[in-house]
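What follows is one structure encoded as structure tokens, with my remarks underneath.
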Amino acid sequence: MARIKGALHTRKRRKRVLKLAKGYRGAKSKQFRTAKQAVMKSGVYSYTGRKLKKRDFRRLWIARINAATRVHGLSYSKFMYGLKLADVNVNRKMLAEMAVNDSEGFASLVETAKSKIQ
């Protein structure tokens, strides 16, 4: 039986890693060992970044809702509590969108929340 060497698979693996490292600065895009380390680290960063993006957007939405509710004389927490009592199920993304683009609709939601709190 003929002996099979691993050159084909090794070259394929190295080409895959170097392709992922394309555009990296210096030796990180040319040399396999440094490219492999850079690709592994960038994978960790991208995984972490996907989690952080969700947090960042939630913070942004809350800040926008808070700013819009304070114009109407209400705090964010009281507004959300009033919406919960009024059984209005609108997520923060849509509330922030309404606060920026549909001020009349948002004002009606604020009034609904205010009436349920008092």
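Identifiers for the structure tokens are assigned positionally: chains receive A, B, ... in sequence, residues are indexed from 1 per chain, and ligands are indexed from 1 in the order shown.
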Within 7 Å of Leu18 (chain A), counting only C-alpha atoms, which residues qualify if same-chain residues fewer than 2 places away don't, as a ChimeraX atom specification? /A:14-16,20-22,29-30,32,35
So that I have them on file, write out the residues from the current selection with all heavy atoms, as a compact mmCIF listing (two decimals), in the first residue's frame.
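Here's the written file part_30.txt:
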# COMPACT_ATOMS: atom_id res chain seq x y z
N ARG A 14 -3.05 25.82 5.73
CA ARG A 14 -2.26 27.04 5.80
C ARG A 14 -2.82 28.12 4.88
O ARG A 14 -2.85 29.29 5.24
CB ARG A 14 -0.80 26.75 5.45
CG ARG A 14 -0.12 25.98 6.55
CD ARG A 14 1.31 25.67 6.23
NE ARG A 14 1.91 24.93 7.33
CZ ARG A 14 3.14 24.46 7.31
NH1 ARG A 14 3.90 24.65 6.27
NH2 ARG A 14 3.59 23.79 8.35
N LYS A 15 -3.28 27.73 3.70
CA LYS A 15 -3.87 28.70 2.78
C LYS A 15 -5.15 29.30 3.37
O LYS A 15 -5.44 30.48 3.21
CB LYS A 15 -4.18 28.04 1.43
CG LYS A 15 -2.95 27.91 0.54
CD LYS A 15 -3.28 27.25 -0.78
CE LYS A 15 -4.01 28.22 -1.68
NZ LYS A 15 -4.18 27.71 -3.06
N ARG A 16 -5.91 28.46 4.07
CA ARG A 16 -7.15 28.94 4.69
C ARG A 16 -6.86 29.99 5.76
O ARG A 16 -7.49 31.05 5.83
CB ARG A 16 -7.92 27.77 5.30
CG ARG A 16 -9.27 28.19 5.85
CD ARG A 16 -10.07 27.06 6.51
NE ARG A 16 -9.67 25.73 6.14
CZ ARG A 16 -9.30 24.78 7.01
NH1 ARG A 16 -9.26 25.04 8.31
NH2 ARG A 16 -8.98 23.57 6.59
N LEU A 20 -7.65 34.10 5.72
CA LEU A 20 -8.36 34.80 6.80
C LEU A 20 -7.54 35.99 7.31
O LEU A 20 -8.11 36.98 7.77
CB LEU A 20 -8.67 33.84 7.95
CG LEU A 20 -9.78 32.83 7.71
CD1 LEU A 20 -9.81 31.81 8.84
CD2 LEU A 20 -11.12 33.52 7.58
N ALA A 21 -6.21 35.87 7.24
CA ALA A 21 -5.33 36.92 7.76
C ALA A 21 -5.01 37.97 6.70
O ALA A 21 -4.20 38.86 6.94
CB ALA A 21 -4.04 36.31 8.27
N LYS A 22 -5.65 37.90 5.56
CA LYS A 22 -5.37 38.86 4.49
C LYS A 22 -5.74 40.26 4.95
O LYS A 22 -6.80 40.48 5.53
CB LYS A 22 -6.19 38.49 3.25
CG LYS A 22 -5.76 39.18 2.00
CD LYS A 22 -6.50 38.61 0.81
CE LYS A 22 -5.97 39.21 -0.47
NZ LYS A 22 -6.66 38.67 -1.64
N SER A 29 0.15 38.73 8.10
CA SER A 29 -0.56 38.30 6.90
C SER A 29 0.32 37.45 5.98
O SER A 29 -0.18 36.94 4.98
CB SER A 29 -1.06 39.51 6.11
OG SER A 29 0.03 40.26 5.64
N LYS A 30 1.59 37.29 6.34
CA LYS A 30 2.52 36.57 5.46
C LYS A 30 3.00 35.25 6.05
O LYS A 30 3.08 34.24 5.35
CB LYS A 30 3.74 37.45 5.17
CG LYS A 30 3.42 38.83 4.64
CD LYS A 30 3.05 38.78 3.17
CE LYS A 30 2.90 40.17 2.59
NZ LYS A 30 1.52 40.59 2.48
N PHE A 32 2.88 31.95 8.46
CA PHE A 32 1.79 31.11 8.94
C PHE A 32 1.63 31.16 10.45
O PHE A 32 0.53 31.29 10.96
CB PHE A 32 1.99 29.67 8.47
CG PHE A 32 1.00 28.72 9.07
CD1 PHE A 32 -0.34 28.78 8.70
CD2 PHE A 32 1.37 27.80 10.03
CE1 PHE A 32 -1.26 27.93 9.25
CE2 PHE A 32 0.44 26.94 10.58
CZ PHE A 32 -0.87 27.00 10.19
N ALA A 35 0.30 34.45 11.59
CA ALA A 35 -1.04 34.61 11.03
C ALA A 35 -2.04 33.77 11.80
O ALA A 35 -3.17 34.20 12.06
CB ALA A 35 -1.04 34.23 9.56
What's the 7 Å shell around region 64-81 of chain A, counting only C-alpha atoms, without same-chain residues fewer than 4 positions away, as a PDB file with N, CA and C atoms, in the first residue's frame?
ATOM      1  N   LEU A  60     -27.908  52.515  24.230  1.00  0.00           N
ATOM      2  CA  LEU A  60     -28.292  53.628  23.367  1.00  0.00           C
ATOM      3  C   LEU A  60     -29.805  53.823  23.365  1.00  0.00           C
ATOM      4  N   LEU A  85     -47.687  48.475  33.667  1.00  0.00           N
ATOM      5  CA  LEU A  85     -49.014  48.481  34.291  1.00  0.00           C
ATOM      6  C   LEU A  85     -50.121  48.599  33.245  1.00  0.00           C
ATOM      7  N   LEU A  95     -39.397  51.609  20.956  1.00  0.00           N
ATOM      8  CA  LEU A  95     -39.649  52.826  21.734  1.00  0.00           C
ATOM      9  C   LEU A  95     -38.647  53.919  21.378  1.00  0.00           C
ATOM     10  N   ALA A  96     -37.379  53.538  21.231  1.00  0.00           N
ATOM     11  CA  ALA A  96     -36.352  54.513  20.856  1.00  0.00           C
ATOM     12  C   ALA A  96     -36.602  55.045  19.452  1.00  0.00           C
ATOM     13  N   ALA A  99     -39.403  57.473  19.711  1.00  0.00           N
ATOM     14  CA  ALA A  99     -38.963  58.704  20.373  1.00  0.00           C
ATOM     15  C   ALA A  99     -38.251  59.629  19.396  1.00  0.00           C
ATOM     16  N   VAL A 110     -46.446  58.056  26.527  1.00  0.00           N
ATOM     17  CA  VAL A 110     -46.061  58.685  27.795  1.00  0.00           C
ATOM     18  C   VAL A 110     -47.309  59.023  28.603  1.00  0.00           C
ATOM     19  N   ALA A 113     -48.692  55.883  30.118  1.00  0.00           N
ATOM     20  CA  ALA A 113     -47.893  55.460  31.267  1.00  0.00           C
ATOM     21  C   ALA A 113     -48.167  56.346  32.465  1.00  0.00           C
TER      22      ALA A 113
END
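As for CA of Gly82 (chain A) and CA of Lys114 (chain A), they are spaced 6.3 Å apart.
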